[in-house]
file target-v8.cif (mmCIF, N, CA and C atoms)
data_data
#
loop_
_atom_site.label_atom_id
_atom_site.label_comp_id
_atom_site.auth_asym_id
_atom_site.auth_seq_id
_atom_site.Cartn_x
_atom_site.Cartn_y
_atom_site.Cartn_z
N LEU A 1 -48.10 57.42 8.33
CA LEU A 1 -49.30 56.76 8.79
C LEU A 1 -49.60 57.18 10.22
N GLU A 2 -50.80 57.59 10.48
CA GLU A 2 -51.22 57.86 11.84
C GLU A 2 -52.05 56.68 12.30
N LEU A 3 -51.48 55.88 13.15
CA LEU A 3 -52.12 54.62 13.52
C LEU A 3 -53.09 54.73 14.67
N HIS A 4 -53.14 55.86 15.37
CA HIS A 4 -54.00 55.93 16.54
C HIS A 4 -55.48 55.81 16.21
N SER A 5 -55.88 56.09 15.01
CA SER A 5 -57.31 56.03 14.67
C SER A 5 -57.70 54.71 14.01
N LEU A 6 -56.77 53.77 13.93
CA LEU A 6 -57.05 52.54 13.21
C LEU A 6 -57.42 51.36 14.09
N GLY A 7 -57.58 51.55 15.38
CA GLY A 7 -57.99 50.46 16.25
C GLY A 7 -56.86 49.56 16.68
N LEU A 8 -55.70 50.13 16.97
CA LEU A 8 -54.58 49.31 17.43
C LEU A 8 -54.92 48.69 18.79
N PRO A 9 -54.17 47.65 19.18
CA PRO A 9 -54.52 46.91 20.39
C PRO A 9 -54.10 47.55 21.70
N PHE A 10 -54.12 48.86 21.77
CA PHE A 10 -53.87 49.52 23.03
C PHE A 10 -54.63 50.84 23.03
N GLY A 11 -55.00 51.30 24.21
CA GLY A 11 -55.86 52.48 24.34
C GLY A 11 -55.10 53.77 24.18
N ARG A 12 -55.83 54.88 24.18
CA ARG A 12 -55.24 56.21 24.00
C ARG A 12 -54.70 56.79 25.29
N SER A 13 -55.32 56.49 26.41
CA SER A 13 -54.87 57.12 27.63
C SER A 13 -53.57 56.48 28.12
N PRO A 14 -52.66 57.28 28.65
CA PRO A 14 -51.40 56.72 29.13
C PRO A 14 -51.63 55.69 30.22
N SER A 15 -50.96 54.56 30.09
CA SER A 15 -51.03 53.52 31.10
C SER A 15 -49.84 52.61 30.91
N VAL A 16 -49.58 51.82 31.89
CA VAL A 16 -48.49 50.85 31.79
C VAL A 16 -49.12 49.50 31.52
N ALA A 17 -48.62 48.83 30.50
CA ALA A 17 -49.15 47.52 30.16
C ALA A 17 -48.74 46.51 31.23
N SER A 18 -49.62 45.58 31.50
CA SER A 18 -49.31 44.52 32.45
C SER A 18 -49.44 43.19 31.75
N SER A 19 -49.18 42.12 32.48
CA SER A 19 -49.26 40.81 31.86
C SER A 19 -50.71 40.43 31.54
N SER A 20 -51.68 41.04 32.21
CA SER A 20 -53.07 40.78 31.85
C SER A 20 -53.50 41.76 30.78
N GLN A 21 -54.53 41.39 30.05
CA GLN A 21 -54.98 42.25 28.96
C GLN A 21 -55.72 43.47 29.50
N THR A 22 -55.42 44.61 28.91
CA THR A 22 -56.13 45.82 29.25
C THR A 22 -57.50 45.79 28.59
N PRO A 23 -58.45 46.60 29.04
CA PRO A 23 -59.75 46.64 28.37
C PRO A 23 -59.64 46.97 26.89
N ALA A 24 -58.72 47.86 26.52
CA ALA A 24 -58.54 48.19 25.10
C ALA A 24 -58.06 46.97 24.32
N MET A 25 -57.15 46.21 24.93
CA MET A 25 -56.65 45.00 24.27
C MET A 25 -57.77 43.97 24.13
N GLN A 26 -58.60 43.83 25.15
CA GLN A 26 -59.72 42.89 25.08
C GLN A 26 -60.68 43.29 23.96
N ARG A 27 -60.97 44.60 23.84
CA ARG A 27 -61.85 45.06 22.76
C ARG A 27 -61.24 44.75 21.40
N PHE A 28 -59.93 45.01 21.28
CA PHE A 28 -59.25 44.73 20.02
C PHE A 28 -59.31 43.25 19.69
N ALA A 29 -58.98 42.40 20.66
CA ALA A 29 -58.96 40.96 20.43
C ALA A 29 -60.35 40.43 20.08
N SER A 30 -61.38 41.02 20.64
CA SER A 30 -62.74 40.55 20.36
C SER A 30 -63.16 40.84 18.93
N ARG A 31 -62.49 41.81 18.28
CA ARG A 31 -62.83 42.14 16.89
C ARG A 31 -62.02 41.34 15.88
N LEU A 32 -61.00 40.63 16.35
CA LEU A 32 -60.18 39.86 15.44
C LEU A 32 -60.87 38.56 15.05
N PRO A 33 -60.73 38.15 13.79
CA PRO A 33 -61.25 36.84 13.42
C PRO A 33 -60.46 35.77 14.16
N GLY A 34 -61.03 34.62 14.33
CA GLY A 34 -60.38 33.54 15.06
C GLY A 34 -59.24 32.93 14.28
N GLN A 35 -58.18 33.67 14.12
CA GLN A 35 -57.02 33.20 13.37
C GLN A 35 -55.89 32.85 14.32
N ALA A 36 -55.14 31.84 13.95
CA ALA A 36 -53.96 31.48 14.72
C ALA A 36 -52.86 32.50 14.42
N HIS A 37 -51.94 32.63 15.36
CA HIS A 37 -50.79 33.50 15.12
C HIS A 37 -49.97 32.94 13.97
N PHE A 38 -49.44 33.82 13.14
CA PHE A 38 -48.58 33.36 12.07
C PHE A 38 -47.13 33.75 12.33
N LEU A 39 -46.87 34.67 13.26
CA LEU A 39 -45.52 34.97 13.69
C LEU A 39 -45.24 34.11 14.93
N THR A 40 -44.15 33.39 14.93
CA THR A 40 -43.88 32.52 16.07
C THR A 40 -43.58 33.34 17.32
N ALA A 41 -43.92 32.77 18.44
CA ALA A 41 -43.64 33.43 19.72
C ALA A 41 -42.14 33.65 19.87
N LYS A 42 -41.34 32.68 19.44
CA LYS A 42 -39.88 32.80 19.55
C LYS A 42 -39.36 33.98 18.74
N ASP A 43 -39.81 34.09 17.49
CA ASP A 43 -39.36 35.20 16.65
C ASP A 43 -39.81 36.55 17.21
N CYS A 44 -41.06 36.61 17.65
CA CYS A 44 -41.58 37.88 18.19
C CYS A 44 -40.85 38.28 19.46
N LEU A 45 -40.57 37.29 20.32
CA LEU A 45 -39.85 37.60 21.55
C LEU A 45 -38.43 38.05 21.25
N GLU A 46 -37.80 37.42 20.27
CA GLU A 46 -36.45 37.82 19.89
C GLU A 46 -36.45 39.26 19.35
N ALA A 47 -37.38 39.58 18.47
CA ALA A 47 -37.48 40.95 17.96
C ALA A 47 -37.78 41.92 19.09
N PHE A 48 -38.71 41.53 19.95
CA PHE A 48 -39.08 42.38 21.10
C PHE A 48 -37.84 42.69 21.93
N GLU A 49 -37.03 41.69 22.21
CA GLU A 49 -35.84 41.90 23.03
C GLU A 49 -34.84 42.84 22.36
N PHE A 50 -34.74 42.78 21.02
CA PHE A 50 -33.86 43.72 20.32
C PHE A 50 -34.40 45.15 20.41
N PHE A 51 -35.73 45.30 20.27
CA PHE A 51 -36.33 46.63 20.35
C PHE A 51 -36.32 47.18 21.77
N ASP A 52 -36.44 46.30 22.77
CA ASP A 52 -36.46 46.69 24.18
C ASP A 52 -35.03 46.97 24.63
N GLN A 53 -34.53 48.11 24.22
CA GLN A 53 -33.12 48.43 24.40
C GLN A 53 -32.68 48.53 25.85
N ASP A 54 -33.59 48.87 26.75
CA ASP A 54 -33.20 48.99 28.15
C ASP A 54 -33.41 47.69 28.92
N GLY A 55 -33.94 46.66 28.25
CA GLY A 55 -34.06 45.34 28.85
C GLY A 55 -35.05 45.22 29.99
N THR A 56 -36.07 46.08 30.01
CA THR A 56 -37.04 46.06 31.10
C THR A 56 -38.11 44.98 30.94
N GLY A 57 -38.22 44.42 29.74
CA GLY A 57 -39.30 43.46 29.50
C GLY A 57 -40.57 44.13 29.02
N LEU A 58 -40.55 45.45 28.94
CA LEU A 58 -41.64 46.25 28.38
C LEU A 58 -41.02 47.22 27.39
N MET A 59 -41.72 47.44 26.28
CA MET A 59 -41.25 48.47 25.35
C MET A 59 -41.93 49.77 25.72
N GLU A 60 -41.12 50.77 26.01
CA GLU A 60 -41.67 52.10 26.25
C GLU A 60 -41.96 52.75 24.91
N TYR A 61 -42.67 53.86 24.96
CA TYR A 61 -43.11 54.55 23.75
C TYR A 61 -41.99 54.74 22.71
N PRO A 62 -40.81 55.29 23.07
CA PRO A 62 -39.79 55.50 22.03
C PRO A 62 -39.33 54.18 21.38
N GLU A 63 -39.26 53.12 22.17
CA GLU A 63 -38.87 51.82 21.62
C GLU A 63 -39.94 51.29 20.68
N MET A 64 -41.21 51.46 21.05
CA MET A 64 -42.30 51.00 20.19
C MET A 64 -42.37 51.84 18.92
N GLN A 65 -42.11 53.14 19.03
CA GLN A 65 -42.07 54.00 17.84
C GLN A 65 -41.01 53.48 16.87
N GLY A 66 -39.84 53.12 17.40
CA GLY A 66 -38.78 52.55 16.56
C GLY A 66 -39.20 51.24 15.93
N ALA A 67 -39.91 50.41 16.69
CA ALA A 67 -40.38 49.12 16.17
C ALA A 67 -41.36 49.34 15.03
N PHE A 68 -42.30 50.26 15.21
CA PHE A 68 -43.27 50.56 14.15
C PHE A 68 -42.57 51.07 12.89
N ASN A 69 -41.63 51.98 13.07
CA ASN A 69 -40.92 52.52 11.91
C ASN A 69 -40.17 51.41 11.17
N ARG A 70 -39.61 50.49 11.91
CA ARG A 70 -38.88 49.39 11.27
C ARG A 70 -39.84 48.42 10.58
N MET A 71 -40.93 48.06 11.25
CA MET A 71 -41.87 47.08 10.69
C MET A 71 -42.57 47.61 9.45
N LEU A 72 -42.88 48.91 9.43
CA LEU A 72 -43.64 49.50 8.33
C LEU A 72 -42.76 50.30 7.38
N ASP A 73 -41.45 50.07 7.45
CA ASP A 73 -40.52 50.75 6.54
C ASP A 73 -40.93 50.51 5.09
N PRO A 74 -40.99 51.50 4.25
CA PRO A 74 -40.44 52.84 4.33
C PRO A 74 -41.42 53.89 4.84
N ALA A 75 -42.61 53.49 5.28
CA ALA A 75 -43.59 54.46 5.78
C ALA A 75 -43.07 55.11 7.06
N LYS A 76 -43.45 56.33 7.28
CA LYS A 76 -43.17 57.02 8.52
C LYS A 76 -44.43 56.91 9.38
N VAL A 77 -44.27 56.41 10.57
CA VAL A 77 -45.41 56.07 11.42
C VAL A 77 -45.51 57.05 12.58
N ASP A 78 -46.73 57.47 12.90
CA ASP A 78 -46.97 58.35 14.04
C ASP A 78 -47.84 57.60 15.05
N ILE A 79 -47.23 57.23 16.17
CA ILE A 79 -48.02 56.62 17.24
C ILE A 79 -48.01 57.53 18.48
N SER A 80 -47.85 58.82 18.25
CA SER A 80 -47.73 59.77 19.35
C SER A 80 -48.93 59.77 20.29
N ALA A 81 -50.07 59.30 19.83
CA ALA A 81 -51.23 59.23 20.70
C ALA A 81 -51.01 58.23 21.84
N TYR A 82 -50.00 57.38 21.72
CA TYR A 82 -49.73 56.37 22.73
C TYR A 82 -48.52 56.69 23.59
N GLU A 83 -48.03 57.93 23.49
CA GLU A 83 -46.88 58.34 24.29
C GLU A 83 -47.21 58.15 25.77
N GLY A 84 -46.25 57.62 26.50
CA GLY A 84 -46.45 57.36 27.92
C GLY A 84 -46.88 55.93 28.22
N GLN A 85 -47.20 55.17 27.20
CA GLN A 85 -47.61 53.78 27.42
C GLN A 85 -46.43 52.85 27.28
N SER A 86 -46.58 51.66 27.83
CA SER A 86 -45.61 50.59 27.67
C SER A 86 -46.31 49.42 27.01
N PHE A 87 -45.53 48.57 26.35
CA PHE A 87 -46.10 47.50 25.55
C PHE A 87 -45.45 46.17 25.90
N THR A 88 -46.26 45.15 26.10
CA THR A 88 -45.78 43.82 26.43
C THR A 88 -45.41 43.06 25.16
N PRO A 89 -44.68 41.93 25.31
CA PRO A 89 -44.41 41.10 24.14
C PRO A 89 -45.69 40.61 23.45
N ALA A 90 -46.73 40.30 24.22
CA ALA A 90 -47.99 39.83 23.62
C ALA A 90 -48.64 40.92 22.78
N VAL A 91 -48.64 42.15 23.27
CA VAL A 91 -49.21 43.27 22.52
C VAL A 91 -48.36 43.52 21.27
N PHE A 92 -47.05 43.42 21.40
CA PHE A 92 -46.17 43.60 20.26
C PHE A 92 -46.50 42.58 19.16
N ARG A 93 -46.64 41.32 19.54
CA ARG A 93 -46.93 40.26 18.55
C ARG A 93 -48.27 40.51 17.86
N THR A 94 -49.30 40.78 18.66
CA THR A 94 -50.62 41.04 18.10
C THR A 94 -50.61 42.24 17.18
N THR A 95 -49.89 43.29 17.58
CA THR A 95 -49.81 44.51 16.78
C THR A 95 -49.06 44.27 15.48
N ALA A 96 -47.96 43.54 15.54
CA ALA A 96 -47.18 43.24 14.33
C ALA A 96 -48.04 42.46 13.34
N GLU A 97 -48.78 41.46 13.83
CA GLU A 97 -49.63 40.66 12.94
C GLU A 97 -50.77 41.51 12.38
N TRP A 98 -51.33 42.37 13.22
CA TRP A 98 -52.41 43.26 12.77
C TRP A 98 -51.90 44.18 11.66
N CYS A 99 -50.72 44.75 11.86
CA CYS A 99 -50.14 45.64 10.85
C CYS A 99 -49.87 44.88 9.55
N HIS A 100 -49.38 43.65 9.66
CA HIS A 100 -49.10 42.86 8.46
C HIS A 100 -50.38 42.60 7.67
N ARG A 101 -51.45 42.30 8.36
CA ARG A 101 -52.73 42.03 7.69
C ARG A 101 -53.33 43.30 7.08
N ASN A 102 -53.20 44.42 7.78
CA ASN A 102 -53.84 45.65 7.34
C ASN A 102 -53.01 46.50 6.39
N PHE A 103 -51.72 46.26 6.35
CA PHE A 103 -50.83 47.01 5.47
C PHE A 103 -49.92 46.05 4.70
N PRO A 104 -50.51 45.17 3.88
CA PRO A 104 -49.70 44.16 3.19
C PRO A 104 -48.63 44.78 2.27
N GLN A 105 -48.85 46.00 1.83
CA GLN A 105 -47.88 46.64 0.94
C GLN A 105 -46.54 46.89 1.64
N TYR A 106 -46.51 46.84 2.98
CA TYR A 106 -45.26 47.08 3.71
C TYR A 106 -44.56 45.80 4.16
N ASN A 107 -45.16 44.65 3.91
CA ASN A 107 -44.54 43.36 4.25
C ASN A 107 -43.97 43.37 5.67
N VAL A 108 -44.83 43.63 6.64
CA VAL A 108 -44.40 43.75 8.03
C VAL A 108 -43.67 42.51 8.52
N ALA A 109 -44.22 41.33 8.25
CA ALA A 109 -43.58 40.09 8.71
C ALA A 109 -42.19 39.96 8.08
N GLY A 110 -42.07 40.27 6.81
CA GLY A 110 -40.77 40.22 6.14
C GLY A 110 -39.79 41.22 6.72
N ASN A 111 -40.25 42.43 7.00
CA ASN A 111 -39.39 43.45 7.61
C ASN A 111 -38.93 43.01 9.00
N LEU A 112 -39.84 42.40 9.74
CA LEU A 112 -39.51 41.94 11.08
C LEU A 112 -38.48 40.81 11.03
N MET A 113 -38.65 39.88 10.12
CA MET A 113 -37.70 38.77 9.99
C MET A 113 -36.32 39.28 9.53
N LYS A 114 -36.32 40.26 8.65
CA LYS A 114 -35.06 40.86 8.20
C LYS A 114 -34.36 41.54 9.38
N PHE A 115 -35.13 42.25 10.19
CA PHE A 115 -34.58 42.92 11.37
C PHE A 115 -33.97 41.90 12.34
N ILE A 116 -34.67 40.79 12.56
CA ILE A 116 -34.16 39.74 13.45
C ILE A 116 -32.85 39.19 12.91
N LYS A 117 -32.83 38.88 11.62
CA LYS A 117 -31.62 38.31 11.00
C LYS A 117 -30.44 39.28 11.13
N GLU A 118 -30.67 40.56 10.83
CA GLU A 118 -29.59 41.55 10.92
C GLU A 118 -29.06 41.66 12.34
N ASN A 119 -29.95 41.65 13.32
CA ASN A 119 -29.52 41.80 14.70
C ASN A 119 -28.88 40.53 15.25
N ARG A 120 -29.30 39.37 14.77
CA ARG A 120 -28.63 38.11 15.13
C ARG A 120 -27.19 38.15 14.64
N GLU A 121 -27.02 38.59 13.39
CA GLU A 121 -25.67 38.66 12.82
C GLU A 121 -24.80 39.65 13.59
N LYS A 122 -25.36 40.79 13.99
CA LYS A 122 -24.60 41.76 14.78
C LYS A 122 -24.20 41.16 16.13
N ALA A 123 -25.11 40.43 16.75
CA ALA A 123 -24.83 39.83 18.05
C ALA A 123 -23.78 38.73 17.93
N ASP A 124 -23.78 38.01 16.81
CA ASP A 124 -22.80 36.94 16.60
C ASP A 124 -21.43 37.46 16.20
N ASP A 125 -21.38 38.66 15.63
CA ASP A 125 -20.13 39.22 15.14
C ASP A 125 -19.51 40.10 16.22
N ASP A 126 -18.70 39.47 17.07
CA ASP A 126 -18.05 40.22 18.14
C ASP A 126 -16.61 40.58 17.80
N ASP A 127 -16.25 40.40 16.52
CA ASP A 127 -14.90 40.73 16.03
C ASP A 127 -13.80 39.91 16.68
N ALA A 128 -14.12 38.80 17.30
CA ALA A 128 -13.10 37.93 17.89
C ALA A 128 -12.94 36.70 17.02
N ASP A 129 -11.70 36.46 16.62
CA ASP A 129 -11.40 35.26 15.85
C ASP A 129 -11.12 34.14 16.82
N ILE A 130 -11.67 32.99 16.53
CA ILE A 130 -11.44 31.82 17.38
C ILE A 130 -10.41 30.94 16.67
N THR A 131 -9.39 30.58 17.40
CA THR A 131 -8.39 29.64 16.87
C THR A 131 -8.34 28.45 17.80
N ASP A 132 -7.73 27.39 17.31
CA ASP A 132 -7.60 26.19 18.14
C ASP A 132 -6.82 26.48 19.43
N LYS A 133 -5.88 27.37 19.34
CA LYS A 133 -5.06 27.73 20.51
C LYS A 133 -5.93 28.35 21.61
N GLU A 134 -6.92 29.16 21.22
CA GLU A 134 -7.78 29.81 22.19
C GLU A 134 -8.77 28.84 22.82
N LEU A 135 -9.09 27.78 22.10
CA LEU A 135 -10.04 26.81 22.63
C LEU A 135 -9.35 25.95 23.66
#
call {"tool": "encode", "arguments": {"input": "target-v8.cif", "output": "structure tokens"}}
result
Amino acid sequence: LELHSLGLPFGRSPSVASSSQTPAMQRFASRLPGQAHFLTAKDCLEAFEFFDQDGTGLMEYPEMQGAFNRMLDPAKVDISAYEGQSFTPAVFRTTAEWCHRNFPQYNVAGNLMKFIKENREKADDDDADITDKEL
């Protein structure tokens, strides 16, 4: 899938996302129907933090490419038109919901929840057994 021509919530020119909405994001949001978010902020932030491997609070292009590939699995996604950009948690949430609505065959929300569950389990499994003696 080449997503750059589908009206994603970020522009084509390289820029760094900030906490305020970019003009491209404003244009995207103005075209959305007045729907409430269906992915919780908590779940989206948790997924975002797993994808944001360097912990900067912004997803750089390679991290967002990985997020797209995971959300739209088994499709192979090309977001190369956005190389050099960074993505905020708000843009990530809006984009994930947009992808779920526009590509229902890929069950984006389900893939995202599965990813969260798998990474929660990895984070909880530190290979240390707890015994009463250690407590």
call {"tool": "closest_residue", "arguments": {"input": "target-v8.cif", "among": "A:Gly57, A:Phe38, A:Ala47, A:Asp124", "to": "Thr88 in chain A", "atoms": "all atoms listed in the file"}}
result
A:Gly57
call {"tool": "closest_residue", "arguments": {"input": "target-v8.cif", "among": "A:Met71, A:Met64, A:Met59, A:Leu39", "to": "Asn111 in chain A", "atoms": "all atoms listed in the file"}}
result
A:Met71
call {"tool": "atom_distance", "arguments": {"input": "target-v8.cif", "atom1": "atom N of Asn102 in chain A", "atom2": "atom N of Ile116 in chain A"}}
result
19.5 Å
call {"tool": "atom_distance", "arguments": {"input": "target-v8.cif", "atom1": "atom C of Lys42 in chain A", "atom2": "CA of Tyr61 in chain A"}}
result
21.5 Å
call {"tool": "atom_distance", "arguments": {"input": "target-v8.cif", "atom1": "atom C of Lys122 in chain A", "atom2": "atom N of Glu49 in chain A"}}
result
14.2 Å
call {"tool": "closest_residue", "arguments": {"input": "target-v8.cif", "among": "A:Thr56, A:Thr95, A:Asn107, A:Gln65", "to": "Ile79 in chain A", "atoms": "only N, CA and C atoms"}}
result
A:Gln65
call {"tool": "axis_aligned_box", "arguments": {"input": "target-v8.cif", "around": "range 96-114 of chain A", "padding_each_side": "8 Å", "output": "JSON"}}
result
{"center_x": -44.1, "center_y": 42.9, "center_z": 8.2, "size_x": 35.5, "size_y": 24.3, "size_z": 30.6}
call {"tool": "residues_around", "arguments": {"input": "target-v8.cif", "residues": "Gln105 in chain A", "least_positions_apart": "6", "cutoff": "8 Å", "atoms": "all atoms listed in the file", "output": "list of chain:residue names"}}
result
A:Leu72, A:Asp73, A:Pro74, A:Cys99
call {"tool": "write_last_selection", "arguments": {"input": "target-v8.cif", "atoms": "N, CA and C atoms", "output": "short mmCIF file (atom, residue, chain, number, x, y, z; two decimals), in the coordinates of the input"}}
result
data_model
loop_
_atom_site.label_atom_id
_atom_site.label_comp_id
_atom_site.auth_asym_id
_atom_site.auth_seq_id
_atom_site.Cartn_x
_atom_site.Cartn_y
_atom_site.Cartn_z
N LEU A 72 -42.88 48.91 9.43
CA LEU A 72 -43.64 49.50 8.33
C LEU A 72 -42.76 50.30 7.38
N ASP A 73 -41.45 50.07 7.45
CA ASP A 73 -40.52 50.75 6.54
C ASP A 73 -40.93 50.51 5.09
N PRO A 74 -40.99 51.50 4.25
CA PRO A 74 -40.44 52.84 4.33
C PRO A 74 -41.42 53.89 4.84
N CYS A 99 -50.72 44.75 11.86
CA CYS A 99 -50.14 45.64 10.85
C CYS A 99 -49.87 44.88 9.55
#
